[in-house]
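Undergrad: What follows is start.cif, mmCIF, C-alpha atoms.
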```cif
data_query
#
loop_
_atom_site.label_atom_id
_atom_site.label_comp_id
_atom_site.auth_asym_id
_atom_site.auth_seq_id
_atom_site.Cartn_x
_atom_site.Cartn_y
_atom_site.Cartn_z
CA MET A 1 0.00 0.00 0.00
CA LEU A 2 1.27 3.45 -0.87
CA ALA A 3 2.13 5.80 1.95
CA THR A 4 -0.10 8.83 2.09
CA LEU A 5 1.29 12.25 1.31
CA THR A 6 -0.75 15.18 2.50
CA THR A 7 -1.44 18.02 0.10
CA GLU A 8 0.60 20.41 2.25
CA THR A 9 3.55 18.06 2.44
CA GLU A 10 3.44 17.42 -1.28
CA ALA A 11 3.23 21.14 -2.03
CA ASP A 12 6.22 21.73 0.25
CA LEU A 13 8.21 18.96 -1.42
CA ILE A 14 7.38 20.37 -4.84
CA THR A 15 8.47 23.88 -3.84
CA ARG A 16 11.71 22.55 -2.40
CA SER A 17 12.30 20.48 -5.53
CA GLN A 18 11.76 23.57 -7.63
CA HIS A 19 14.55 25.19 -5.65
CA GLY A 20 16.86 22.29 -6.42
CA ASP A 21 16.41 20.17 -3.28
CA ARG A 22 17.19 16.66 -4.45
CA ASN A 23 16.13 15.05 -1.19
CA ALA A 24 12.69 16.57 -1.50
CA PHE A 25 12.43 15.33 -5.06
CA GLY A 26 13.57 11.91 -3.85
CA GLU A 27 10.63 11.88 -1.45
CA LEU A 28 8.24 12.58 -4.31
CA VAL A 29 9.84 9.83 -6.38
CA ARG A 30 9.58 7.43 -3.44
CA HIS A 31 5.86 8.14 -3.27
CA TYR A 32 5.03 8.04 -6.98
CA TYR A 33 7.47 5.41 -8.25
CA PRO A 34 5.15 2.40 -7.73
CA ARG A 35 2.32 4.07 -9.65
CA VAL A 36 4.51 5.41 -12.42
CA ILE A 37 6.38 2.14 -12.96
CA ASN A 38 3.08 0.26 -13.13
CA VAL A 39 1.64 2.59 -15.77
CA VAL A 40 4.87 2.57 -17.76
CA TYR A 41 5.14 -1.20 -17.57
CA ARG A 42 1.62 -1.65 -18.91
CA MET A 43 2.46 0.70 -21.75
CA CYS A 44 5.76 -1.05 -22.58
CA GLY A 45 5.01 -4.64 -21.65
CA ASP A 46 8.63 -5.14 -20.61
CA ALA A 47 9.97 -4.75 -17.09
CA THR A 48 13.48 -3.67 -18.04
CA LEU A 49 12.18 -1.15 -20.52
CA ALA A 50 9.70 0.06 -17.95
CA GLU A 51 12.44 0.68 -15.38
CA ASP A 52 14.47 2.61 -17.93
CA ALA A 53 11.41 4.58 -18.94
CA ALA A 54 10.48 5.33 -15.32
CA GLN A 55 13.99 6.58 -14.66
CA GLU A 56 13.90 8.78 -17.75
CA ALA A 57 10.46 10.05 -16.81
CA PHE A 58 11.57 11.11 -13.34
CA LEU A 59 14.71 12.71 -14.74
CA ARG A 60 12.60 14.74 -17.13
CA ALA A 61 10.28 15.63 -14.29
CA TRP A 62 13.26 16.89 -12.27
CA LEU A 63 14.54 18.93 -15.18
CA HIS A 64 11.15 20.54 -15.76
CA ILE A 65 9.78 20.71 -12.22
CA ALA A 66 10.15 24.50 -12.36
CA SER A 67 7.43 24.62 -15.01
CA PHE A 68 5.03 22.63 -12.83
CA ARG A 69 2.14 24.83 -11.72
CA PRO A 70 1.04 24.53 -8.10
CA GLY A 71 -2.56 23.39 -7.94
CA GLU A 72 -2.27 20.81 -10.69
CA PRO A 73 -2.23 17.21 -9.51
CA LEU A 74 1.40 16.10 -9.59
CA ARG A 75 0.32 12.52 -10.23
CA ASN A 76 -1.35 13.46 -13.52
CA TRP A 77 1.63 15.54 -14.57
CA LEU A 78 3.95 12.60 -13.91
CA TYR A 79 1.63 10.23 -15.75
CA ARG A 80 1.68 12.49 -18.73
CA ILE A 81 5.47 12.49 -18.79
CA ALA A 82 5.58 8.74 -18.13
CA VAL A 83 3.21 7.88 -20.98
CA ASN A 84 5.19 10.03 -23.40
CA VAL A 85 8.49 8.55 -22.29
CA ALA A 86 7.12 5.01 -22.54
CA LEU A 87 6.03 5.67 -26.11
CA ASP A 88 9.42 7.23 -26.91
CA VAL A 89 11.22 4.23 -25.46
CA LEU A 90 9.06 1.83 -27.46
CA ARG A 91 9.66 3.76 -30.66
CA ARG A 92 13.40 3.75 -30.04
CA ARG A 93 13.46 0.03 -29.60
CA ASP A 94 13.83 -1.79 -32.86
CA GLU A 95 13.02 -5.34 -31.94
CA GLU A 96 10.05 -6.95 -30.26
CA PRO A 97 10.21 -7.53 -26.49
CA ALA A 98 12.33 -10.48 -25.51
CA GLU A 99 9.62 -12.72 -24.16
CA ASP A 100 11.93 -14.94 -22.15
CA GLU A 101 13.39 -11.96 -20.34
CA MET A 102 9.94 -10.63 -19.59
CA LEU A 103 8.73 -13.96 -18.27
CA GLN A 104 11.76 -14.41 -16.04
CA MET A 105 10.81 -11.35 -14.06
CA ILE A 106 7.34 -12.56 -13.19
CA PRO A 107 7.23 -13.73 -9.60
CA GLU A 108 6.69 -17.44 -9.19
CA GLN A 109 4.17 -16.93 -6.38
CA SER A 110 3.10 -20.23 -4.92
CA LEU A 111 2.13 -21.92 -8.15
CA GLY A 112 3.40 -25.29 -9.25
CA PRO A 113 5.68 -25.46 -12.29
CA GLU A 114 2.85 -26.23 -14.71
CA SER A 115 0.51 -23.61 -13.29
CA ALA A 116 3.33 -21.08 -13.22
CA LEU A 117 4.02 -21.69 -16.89
CA ILE A 118 0.35 -21.29 -17.77
CA GLU A 119 0.22 -18.11 -15.70
CA LYS A 120 3.26 -16.71 -17.47
CA GLU A 121 1.85 -17.54 -20.85
CA ARG A 122 -1.42 -15.93 -19.90
CA LEU A 123 0.31 -12.79 -18.76
CA ALA A 124 2.45 -12.69 -21.86
CA LEU A 125 -0.68 -12.96 -24.00
CA LEU A 126 -2.34 -10.22 -22.02
CA GLN A 127 0.64 -7.89 -22.36
CA GLN A 128 0.83 -8.70 -26.05
CA ALA A 129 -2.84 -7.84 -26.42
CA ILE A 130 -2.33 -4.49 -24.67
CA ARG A 131 0.76 -3.78 -26.77
CA SER A 132 -1.18 -4.50 -29.94
CA LEU A 133 -3.60 -1.67 -29.21
CA PRO A 134 -3.00 1.63 -30.99
CA GLU A 135 -0.99 4.05 -28.84
CA ALA A 136 -3.92 6.40 -28.33
CA ALA A 137 -6.28 3.69 -27.12
CA ARG A 138 -3.55 2.03 -25.03
CA GLY A 139 -2.73 5.28 -23.26
CA ALA A 140 -6.36 5.85 -22.29
CA LEU A 141 -6.82 2.24 -21.17
CA VAL A 142 -3.64 2.13 -19.08
CA LEU A 143 -4.38 5.44 -17.41
CA ARG A 144 -7.86 4.20 -16.53
CA GLU A 145 -7.09 0.65 -15.46
CA TYR A 146 -3.66 1.09 -13.88
CA GLY A 147 -3.40 4.82 -13.32
CA GLU A 148 -6.90 4.87 -11.80
CA LEU A 149 -7.68 8.23 -13.34
CA SER A 150 -11.20 9.49 -13.95
CA TYR A 151 -12.32 10.24 -17.49
CA GLN A 152 -11.85 13.95 -16.88
CA GLU A 153 -8.32 13.41 -15.59
CA ILE A 154 -7.45 11.25 -18.58
CA ALA A 155 -8.82 13.96 -20.84
CA ASP A 156 -6.60 16.51 -19.07
CA VAL A 157 -3.51 14.33 -19.18
CA LEU A 158 -3.87 13.40 -22.84
CA ASP A 159 -5.29 16.81 -23.77
CA ILE A 160 -8.29 15.34 -25.55
CA PRO A 161 -12.05 15.83 -25.13
CA ILE A 162 -13.80 13.57 -22.67
CA GLY A 163 -15.88 12.08 -25.51
CA THR A 164 -12.65 10.95 -27.15
CA VAL A 165 -11.59 9.31 -23.89
CA MET A 166 -14.83 7.36 -23.89
CA SER A 167 -14.51 6.26 -27.51
CA ARG A 168 -10.87 5.22 -27.00
CA LEU A 169 -11.78 3.18 -23.95
CA ASN A 170 -14.68 1.57 -25.79
CA TYR A 171 -12.40 0.67 -28.65
CA ALA A 172 -9.62 -0.65 -26.41
CA ARG A 173 -11.91 -2.84 -24.33
CA ASP A 174 -13.78 -4.16 -27.35
CA ARG A 175 -10.47 -5.14 -28.95
CA LEU A 176 -9.23 -6.77 -25.78
CA ARG A 177 -12.52 -8.58 -25.36
CA GLU A 178 -12.12 -10.14 -28.78
CA MET A 179 -8.47 -11.03 -28.27
CA LEU A 180 -8.81 -12.41 -24.77
CA LYS A 181 -12.05 -14.35 -24.98
CA GLY A 182 -10.32 -17.66 -24.21
CA GLN A 183 -8.48 -16.18 -21.25
CA MET A 184 -11.64 -14.69 -19.84
CA LEU A 185 -13.27 -18.09 -19.75
CA GLN A 186 -10.29 -19.39 -17.78
CA ALA A 187 -10.31 -16.39 -15.54
CA GLU A 188 -13.97 -16.84 -14.76
CA SER A 189 -13.24 -20.24 -13.32
CA LYS A 190 -10.22 -18.94 -11.43
CA TYR A 191 -11.11 -15.49 -10.10
CA VAL A 192 -14.87 -15.52 -9.86
CA MET B 193 -31.53 1.39 -28.04
CA CYS B 194 -28.84 -1.28 -27.44
CA GLU B 195 -26.52 0.49 -29.87
CA ASP B 196 -26.76 3.66 -27.75
CA MET B 197 -26.22 1.63 -24.61
CA HIS B 198 -23.07 0.05 -25.97
CA ALA B 199 -21.29 3.39 -25.86
CA LEU B 200 -22.38 3.92 -22.25
CA LEU B 201 -21.54 0.52 -20.79
CA ASN B 202 -17.87 1.33 -20.27
CA ALA B 203 -18.74 4.60 -18.58
CA TYR B 204 -21.21 2.70 -16.39
CA LEU B 205 -18.58 0.11 -15.54
CA ASP B 206 -16.11 2.86 -14.60
CA GLY B 207 -18.64 4.66 -12.39
CA GLU B 208 -18.65 7.70 -14.66
CA LEU B 209 -22.42 7.93 -15.11
CA HIS B 210 -24.63 9.97 -12.83
CA GLY B 211 -28.24 11.05 -12.44
CA ARG B 212 -30.76 10.33 -15.15
CA ARG B 213 -28.24 8.70 -17.48
CA LEU B 214 -27.22 6.25 -14.76
CA MET B 215 -30.85 5.33 -14.08
CA GLU B 216 -31.49 4.81 -17.78
CA VAL B 217 -28.60 2.39 -18.10
CA LYS B 218 -29.57 0.57 -14.91
CA ASP B 219 -33.15 0.16 -16.10
CA HIS B 220 -32.00 -1.03 -19.49
CA LEU B 221 -29.58 -3.55 -18.02
CA ALA B 222 -32.36 -4.98 -15.85
CA SER B 223 -34.41 -5.79 -18.93
CA CYS B 224 -31.81 -6.49 -21.65
CA THR B 225 -29.90 -9.74 -21.43
CA ALA B 226 -27.60 -8.90 -24.34
CA CYS B 227 -26.38 -5.68 -22.76
CA HIS B 228 -26.13 -7.37 -19.38
CA ASN B 229 -23.90 -10.05 -20.88
CA GLU B 230 -21.83 -7.46 -22.67
CA LEU B 231 -21.30 -5.62 -19.41
CA GLN B 232 -20.19 -8.86 -17.79
CA GLU B 233 -17.66 -9.37 -20.56
CA LEU B 234 -16.33 -5.86 -20.19
CA ARG B 235 -16.06 -6.41 -16.45
CA ALA B 236 -14.19 -9.63 -17.10
CA VAL B 237 -11.70 -7.77 -19.31
CA SER B 238 -11.17 -5.21 -16.58
CA ASP B 239 -10.77 -7.93 -13.95
CA LEU B 240 -8.29 -9.75 -16.13
CA LEU B 241 -6.22 -6.60 -16.49
CA HIS B 242 -6.22 -6.04 -12.76
CA ALA B 243 -5.50 -9.65 -11.94
CA ALA B 244 -2.41 -9.71 -14.12
CA PRO B 245 0.56 -9.64 -11.76
CA ALA B 246 3.30 -7.07 -12.24
CA PRO B 247 6.90 -8.24 -12.43
CA ALA B 248 9.31 -7.69 -9.57
CA PHE B 249 10.58 -4.23 -10.33
CA LEU B 250 13.61 -2.59 -8.84
CA PRO B 251 12.78 -1.90 -5.17
CA THR B 252 11.70 1.66 -4.50
CA GLU B 253 14.66 2.54 -2.27
CA ARG B 254 17.18 1.30 -4.81
CA PHE B 255 15.41 3.12 -7.59
CA VAL B 256 15.36 6.36 -5.61
CA ALA B 257 19.03 5.97 -4.69
CA GLN B 258 20.04 5.34 -8.30
CA LEU B 259 17.93 8.16 -9.60
CA THR B 260 19.14 10.67 -7.03
CA LEU B 261 22.71 10.00 -8.09
CA GLN B 262 21.84 10.84 -11.67
CA LEU B 263 20.00 14.06 -10.97
CA PRO B 264 21.75 17.16 -12.26
CA ARG B 265 22.85 19.51 -9.48
CA ARG B 266 19.93 21.87 -9.88
CA ALA B 267 16.62 21.72 -11.65
CA LEU B 268 16.63 23.90 -14.76
CA GLY B 269 15.01 27.30 -14.55
CA GLY B 270 14.09 27.62 -10.92
CA ARG B 271 11.35 29.85 -9.67
CA PRO B 272 12.18 33.55 -9.94
CA SER B 273 13.66 35.08 -6.80
CA LYS B 274 11.76 37.70 -4.78
CA SER B 275 13.90 40.51 -6.16
CA ALA B 276 13.25 39.31 -9.71
CA ALA B 277 9.51 39.24 -8.96
CA TRP B 278 9.72 42.82 -7.64
CA ALA B 279 11.61 43.89 -10.75
CA TRP B 280 8.92 42.28 -12.85
CA TRP B 281 6.21 44.37 -11.16
CA LEU B 282 8.32 47.53 -11.40
CA VAL B 283 7.85 47.53 -15.18
CA PRO B 284 4.10 48.30 -15.18
CA ALA B 285 4.51 50.64 -12.20
CA GLY B 286 7.17 52.60 -14.08
CA LEU B 287 5.09 52.69 -17.24
CA LEU B 288 2.03 53.92 -15.35
CA ALA B 289 4.09 56.57 -13.58
CA THR B 290 5.53 57.71 -16.93
CA TRP B 291 2.08 57.86 -18.44
CA PHE B 292 0.71 59.95 -15.54
CA PHE B 293 3.71 62.26 -15.70
CA LEU B 294 3.41 62.83 -19.44
CA ARG B 295 -0.35 63.23 -19.21
CA THR B 296 0.02 65.83 -16.45
CA VAL B 297 2.72 67.76 -18.33
CA PHE B 298 0.60 67.71 -21.47
CA ALA B 299 -2.52 68.90 -19.64
CA LEU B 300 -0.62 71.69 -17.87
CA THR B 301 0.99 72.83 -21.10
CA THR B 302 -2.38 72.94 -22.82
CA ALA B 303 -3.95 74.84 -19.91
CA ILE B 304 -1.14 77.39 -19.83
CA THR B 305 -1.20 77.81 -23.59
CA VAL B 306 -4.96 78.38 -23.59
CA ALA B 307 -4.70 80.77 -20.65
CA ASP B 308 -1.93 82.66 -22.36
CA ALA B 309 -3.80 82.84 -25.64
CA THR B 310 -6.91 84.20 -23.94
CA GLY B 311 -4.87 86.75 -22.00
CA LEU B 312 -5.69 85.31 -18.60
CA LEU B 313 -2.03 85.33 -17.62
CA GLY B 314 -1.57 88.99 -18.43
CA GLN B 315 2.07 90.02 -18.14
CA SER B 316 2.92 87.18 -15.75
CA ASN B 317 3.67 84.89 -18.69
CA ALA B 318 6.94 86.61 -19.46
CA TRP B 319 8.94 84.08 -17.44
CA PHE B 320 8.01 81.17 -19.67
CA THR B 321 7.10 82.60 -23.04
CA GLY B 322 9.90 83.30 -25.40
CA SER B 323 9.52 84.13 -28.99
CA GLN B 324 6.53 82.58 -30.72
CA PRO B 325 7.37 79.07 -32.00
CA LEU B 326 7.58 79.11 -35.77
CA GLU B 327 7.19 76.35 -38.29
CA VAL B 328 9.85 76.00 -40.99
CA TRP B 329 7.36 76.59 -43.78
CA PHE B 330 6.14 79.77 -42.08
CA VAL B 331 9.67 81.13 -41.74
CA ALA B 332 10.37 80.34 -45.40
CA ILE B 333 7.19 82.06 -46.66
CA THR B 334 7.58 85.16 -44.52
CA SER B 335 11.25 85.48 -45.52
CA LEU B 336 10.49 85.24 -49.22
CA PHE B 337 7.18 87.00 -49.50
CA GLY B 338 6.73 88.80 -46.18
CA SER B 339 7.30 92.26 -47.64
CA GLN B 340 4.66 91.71 -50.33
CA MET B 341 1.98 90.39 -47.97
CA SER B 342 -0.91 92.41 -46.71
CA ALA B 343 -1.64 92.57 -42.98
CA ALA B 344 -4.61 90.21 -43.48
CA GLN B 345 -2.45 87.66 -45.27
CA GLN B 346 0.22 87.88 -42.58
CA SER B 347 -2.30 87.28 -39.81
CA THR B 348 -3.81 84.35 -41.77
CA PHE B 349 -0.40 82.70 -42.16
CA SER B 350 0.36 83.47 -38.54
CA LEU B 351 -2.87 81.70 -37.55
CA PHE B 352 -1.95 78.70 -39.71
CA ASN B 353 1.44 78.67 -38.03
CA GLN B 354 -0.16 78.60 -34.59
CA VAL B 355 -2.55 75.84 -35.60
CA SER B 356 0.35 73.86 -37.06
CA VAL B 357 2.45 74.30 -33.90
CA PHE B 358 -0.53 73.32 -31.73
CA GLY B 359 -1.21 70.26 -33.91
CA GLY B 360 2.43 69.23 -33.68
CA ASP B 361 2.36 69.50 -29.90
CA LEU B 362 -0.86 67.54 -29.81
CA PHE B 363 0.59 64.81 -32.02
CA SER B 364 3.80 64.49 -30.02
CA GLY B 365 1.75 64.37 -26.82
CA PHE B 366 -0.39 61.53 -28.15
CA LEU B 367 2.61 59.78 -29.63
CA TRP B 368 4.28 59.56 -26.25
CA GLN B 369 1.13 58.24 -24.66
CA ALA B 370 0.62 55.73 -27.43
CA VAL B 371 4.15 54.41 -26.95
CA VAL B 372 3.61 54.06 -23.20
CA VAL B 373 0.24 52.36 -23.70
CA LEU B 374 1.69 49.94 -26.26
CA LEU B 375 4.53 49.03 -23.89
CA TYR B 376 1.99 48.47 -21.13
CA TRP B 377 -0.10 46.21 -23.34
CA GLY B 378 3.03 44.30 -24.28
CA TRP B 379 3.78 43.77 -20.61
CA LEU B 380 0.19 42.64 -20.01
CA VAL B 381 0.51 40.03 -22.75
CA LEU B 382 3.77 38.74 -21.25
CA TRP B 383 2.20 38.69 -17.81
CA TRP B 384 -0.76 36.70 -19.10
CA PHE B 385 1.49 34.11 -20.74
CA ARG B 386 3.54 33.77 -17.55
CA ARG B 387 0.49 33.51 -15.35
CA ALA B 388 -1.82 31.28 -17.42
CA PRO B 389 -1.24 27.59 -16.65
CA ARG B 390 0.43 26.00 -19.62
CA PRO B 391 -1.72 23.35 -21.23
CA MET B 392 -0.50 19.83 -20.55
CA LYS B 393 0.11 19.40 -24.26
CA VAL B 394 2.53 22.30 -24.33
CA ILE B 395 4.30 21.05 -21.24
CA ALA B 396 4.49 17.55 -22.65
CA ALA B 397 5.92 18.86 -25.88
CA ALA B 398 8.77 20.34 -23.89
CA LEU B 399 9.39 17.13 -21.99
#
```
Can the structure from this file be put into structure tokens for me?

TA:
Amino acid sequence: MLATLTTETEADLITRSQHGDRNAFGELVRHYYPRVINVVYRMCGDATLAEDAAQEAFLRAWLHIASFRPGEPLRNWLYRIAVNVALDVLRRRDEEPAEDEMLQMIPEQSLGPESALIEKERLALLQQAIRSLPEAARGALVLREYGELSYQEIADVLDIPIGTVMSRLNYARDRLREMLKGQMLQAESKYV
Amino acid sequence: MCEDMHALLNAYLDGELHGRRLMEVKDHLASCTACHNELQELRAVSDLLHAAPAPAFLPTERFVAQLTLQLPRRALGGRPSKSAAWAWWLVPAGLLATWFFLRTVFALTTAITVADATGLLGQSNAWFTGSQPLEVWFVAITSLFGSQMSAAQQSTFSLFNQVSVFGGDLFSGFLWQAVVVLLYWGWLVLWWFRRAPRPMKVIAAAL
């Protein structure tokens, strides 16, 4: 569970960061890293890439923290940077994600070898399905499902009308529904 | 009806519907099996996304430590200092003061000129009035043709000269004010751009 950061504390940390206080910025990173890495990972579908992208995102945030306007939600500002960086990182990468590397980083949990393999394959398929979505639809979906933003916040972050957010989410979920029908049947028996 | 509902099911699932629209969807779902099933499928997609485990990322403390080491010494373009903020506000204050000063000087000059012309000042105007200001064209005409002019012609040209001098003063007075006003508007535009929150798109473009 993420530690809470009061509005006053966050505002203070932001002001100090704007004056070059690296420790204050470190506190902000400590608080937002789990959320940012999760969003970036769902955009990239690769843990190593996601870590690189998260690092680049926070570096950019540090370099431009002076332009951050007090009163805006910092989380949304960071998400915006993170989504852009994730897309940049993906564009820079020439080859497809190394599946083996991605699967190695998935925790074994308490599953048996066969179940673990099935779980890894399922996750790989899921990530592949998300990756196959167009960037615009993927961004809206990831911000909603993993960033837990409202439609209005997504509209602000992506600078699009709220109607476009809705249509992108409709499209993304319809596509995923088609691609993951088999998995959903399995999931029903497992999670429901 | 179901086609309209399709577009709203995601918003319903995400808790983004309120009021009458929410009731409409709820009522429809209670009576339409197809839409109900579609909602279940959308919910299953969402559940699947949430159930997918995330890999073991770099622990937060290690990430923070690594990142902190890479941070440049200072963030670029820090907030302006208090003295810089004061200097920023001195610009409009100075422009306003200049405008008031010029306006006052212009009004006083006009008042004195009118008073002098109407004889209200009597002989007390000797300390500031010198010779009558003359336009170049007036000097040229009177030099060339002054001896041939009648008294009526001379007074007509003299009147034109006064009107021309007055018009020139008026123009220069307005010109100064126009310059000051334009500078003030320029500052206002800059102030607005500094103050208005930059759209996320613009910020993102810089990132």

Undergrad: Could you build a table of the residues in range 66-169 of chain A lying no more than 12 Å from range 368-387 of chain B, giving for each the nearest pair of atoms and their separation in Å rounded to one decimal place, using only C-alpha atoms, ordered by chain and ascending residue number, as a Markdown table?

TA:
```
| residue | atom | partner | partner_atom | distance |
| --- | --- | --- | --- | --- |
| A:Ser67 | CA | B:Arg386 | CA | 10.3 |
| A:Arg69 | CA | B:Arg387 | CA | 9.6 |
| A:Pro70 | CA | B:Arg387 | CA | 11.6 |
```

Undergrad: Please indicate the distance in Å from CA of Met43 in chain A to CA of Tyr79 in chain A, rounded to one decimal place.

TA: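 CA of Tyr79 in chain A lies 11.3 Å from CA of Met43 in chain A.
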
Undergrad: Using 3 Å of padding on each side, determine the axis-aligned box around all atoms of range 375-385 of chain B present in the file and give its centre and edge lengths in Å to one decimal, as AutoDock Vina command-line options.

TA:
```
--center_x 1.9 --center_y 41.6 --center_z -21.0 --size_x 11.3 --size_y 20.9 --size_z 12.5
```

Undergrad: If the PyMOL selection byres ((chain B and resi 215-222) around 12) is run on the structure shown, which residues does it catch, given as an NGL selection string?

TA: :B and (193-205 or 207-214 or 223-232)

Undergrad: Please report as a PyMOL selection string which residues of chain A come no farther than 8 Å from chain B, using all atoms listed in the file.

TA: chain A and resi 17-23+26+29-30+33-34+38+47+51+55+58-67+69+77+80-81+84+105-107+123+126+145-146+150-151+156-159+166-167+169-170+173-174+176-177+180+184+187-188

Undergrad: Suppose a student applies the PyMOL selection byres ((chain A and resi 86) around 7) to this structure; what residues should they get, written as a ChimeraX atom specification?

TA: /A:40,43-44,53,82-85,87-90

Undergrad: CA of Ile130 in chain A to CA of Gly45 in chain A: how many Å, to one decimal?

TA: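 Computing the Euclidean distance for CA of Ile130 in chain A and CA of Gly45 in chain A yields 7.9 Å.
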
Undergrad: Determine, counting all atoms listed in the file, which protein, DNA and RNA residues have an atom within 12 Å of an atom of Gly360 in chain B; residues of the same chain fewer than 6 positions away are not included. Present the result as a list in words.

TA: Pro325, Leu326, Glu327, Asn353, Gln354, Phe366 and Leu367 of chain B

Undergrad: As an exercise, work out the distance from CA of Ala344 in chain B to CA of Phe358 in chain B in Å and give it to one decimal place.

TA: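 Interatomic distance, CA of Ala344 in chain B to CA of Phe358 in chain B: 21.0 Å.
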
Undergrad: Residues at most 9 Å from Arg138 in chain A, counting all atoms listed in the file, excluding those fewer than 3 positions away in the same chain, as a PyMOL selection string?

TA: chain A and resi 42-43+130-135+141-143+168-169+172

Undergrad: Convert the output of the PyMOL selection byres ((chain A and resi 10) around 12) on the shown file into explicit residues, formatted as number ranges by chain.

TA: A: 4-9, 11-17, 24-32, 70-75

Undergrad: Would you mind exporting range 149-165 of chain A with N, CA and C atoms, as a PDB file, in the first residue's frame?

TA:
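Printed below is selection24.pdb as written:
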```
ATOM      1  N   LEU A 149      -7.236   6.858 -13.113  1.00  0.00           N
ATOM      2  CA  LEU A 149      -7.684   8.233 -13.339  1.00  0.00           C
ATOM      3  C   LEU A 149      -9.146   8.232 -13.784  1.00  0.00           C
ATOM      4  N   SER A 150      -9.826   9.316 -13.457  1.00  0.00           N
ATOM      5  CA  SER A 150     -11.200   9.494 -13.951  1.00  0.00           C
ATOM      6  C   SER A 150     -11.144   9.891 -15.427  1.00  0.00           C
ATOM      7  N   TYR A 151     -12.290   9.872 -16.075  1.00  0.00           N
ATOM      8  CA  TYR A 151     -12.324  10.241 -17.490  1.00  0.00           C
ATOM      9  C   TYR A 151     -11.841  11.678 -17.682  1.00  0.00           C
ATOM     10  N   GLN A 152     -12.255  12.549 -16.770  1.00  0.00           N
ATOM     11  CA  GLN A 152     -11.854  13.952 -16.879  1.00  0.00           C
ATOM     12  C   GLN A 152     -10.338  14.091 -16.728  1.00  0.00           C
ATOM     13  N   GLU A 153      -9.771  13.346 -15.792  1.00  0.00           N
ATOM     14  CA  GLU A 153      -8.319  13.411 -15.587  1.00  0.00           C
ATOM     15  C   GLU A 153      -7.565  12.870 -16.802  1.00  0.00           C
ATOM     16  N   ILE A 154      -8.091  11.791 -17.373  1.00  0.00           N
ATOM     17  CA  ILE A 154      -7.451  11.246 -18.580  1.00  0.00           C
ATOM     18  C   ILE A 154      -7.513  12.282 -19.701  1.00  0.00           C
ATOM     19  N   ALA A 155      -8.670  12.927 -19.809  1.00  0.00           N
ATOM     20  CA  ALA A 155      -8.823  13.963 -20.841  1.00  0.00           C
ATOM     21  C   ALA A 155      -7.795  15.075 -20.629  1.00  0.00           C
ATOM     22  N   ASP A 156      -7.582  15.459 -19.371  1.00  0.00           N
ATOM     23  CA  ASP A 156      -6.601  16.511 -19.074  1.00  0.00           C
ATOM     24  C   ASP A 156      -5.182  16.054 -19.395  1.00  0.00           C
ATOM     25  N   VAL A 157      -4.873  14.833 -18.985  1.00  0.00           N
ATOM     26  CA  VAL A 157      -3.509  14.333 -19.179  1.00  0.00           C
ATOM     27  C   VAL A 157      -3.184  14.189 -20.664  1.00  0.00           C
ATOM     28  N   LEU A 158      -4.131  13.641 -21.417  1.00  0.00           N
ATOM     29  CA  LEU A 158      -3.871  13.402 -22.840  1.00  0.00           C
ATOM     30  C   LEU A 158      -4.263  14.598 -23.704  1.00  0.00           C
ATOM     31  N   ASP A 159      -4.857  15.602 -23.070  1.00  0.00           N
ATOM     32  CA  ASP A 159      -5.287  16.814 -23.774  1.00  0.00           C
ATOM     33  C   ASP A 159      -6.245  16.476 -24.916  1.00  0.00           C
ATOM     34  N   ILE A 160      -7.259  15.710 -24.577  1.00  0.00           N
ATOM     35  CA  ILE A 160      -8.285  15.342 -25.555  1.00  0.00           C
ATOM     36  C   ILE A 160      -9.654  15.554 -24.913  1.00  0.00           C
ATOM     37  N   PRO A 161     -10.707  15.678 -25.717  1.00  0.00           N
ATOM     38  CA  PRO A 161     -12.047  15.827 -25.131  1.00  0.00           C
ATOM     39  C   PRO A 161     -12.477  14.550 -24.414  1.00  0.00           C
ATOM     40  N   ILE A 162     -13.376  14.721 -23.473  1.00  0.00           N
ATOM     41  CA  ILE A 162     -13.802  13.574 -22.672  1.00  0.00           C
ATOM     42  C   ILE A 162     -14.535  12.536 -23.546  1.00  0.00           C
ATOM     43  N   GLY A 163     -15.211  13.002 -24.597  1.00  0.00           N
ATOM     44  CA  GLY A 163     -15.877  12.080 -25.514  1.00  0.00           C
ATOM     45  C   GLY A 163     -14.872  11.171 -26.218  1.00  0.00           C
ATOM     46  N   THR A 164     -13.707  11.742 -26.513  1.00  0.00           N
ATOM     47  CA  THR A 164     -12.645  10.949 -27.153  1.00  0.00           C
ATOM     48  C   THR A 164     -12.099   9.904 -26.180  1.00  0.00           C
ATOM     49  N   VAL A 165     -12.015  10.287 -24.908  1.00  0.00           N
ATOM     50  CA  VAL A 165     -11.585   9.312 -23.894  1.00  0.00           C
ATOM     51  C   VAL A 165     -12.539   8.126 -23.909  1.00  0.00           C
TER      52      VAL A 165
END
```
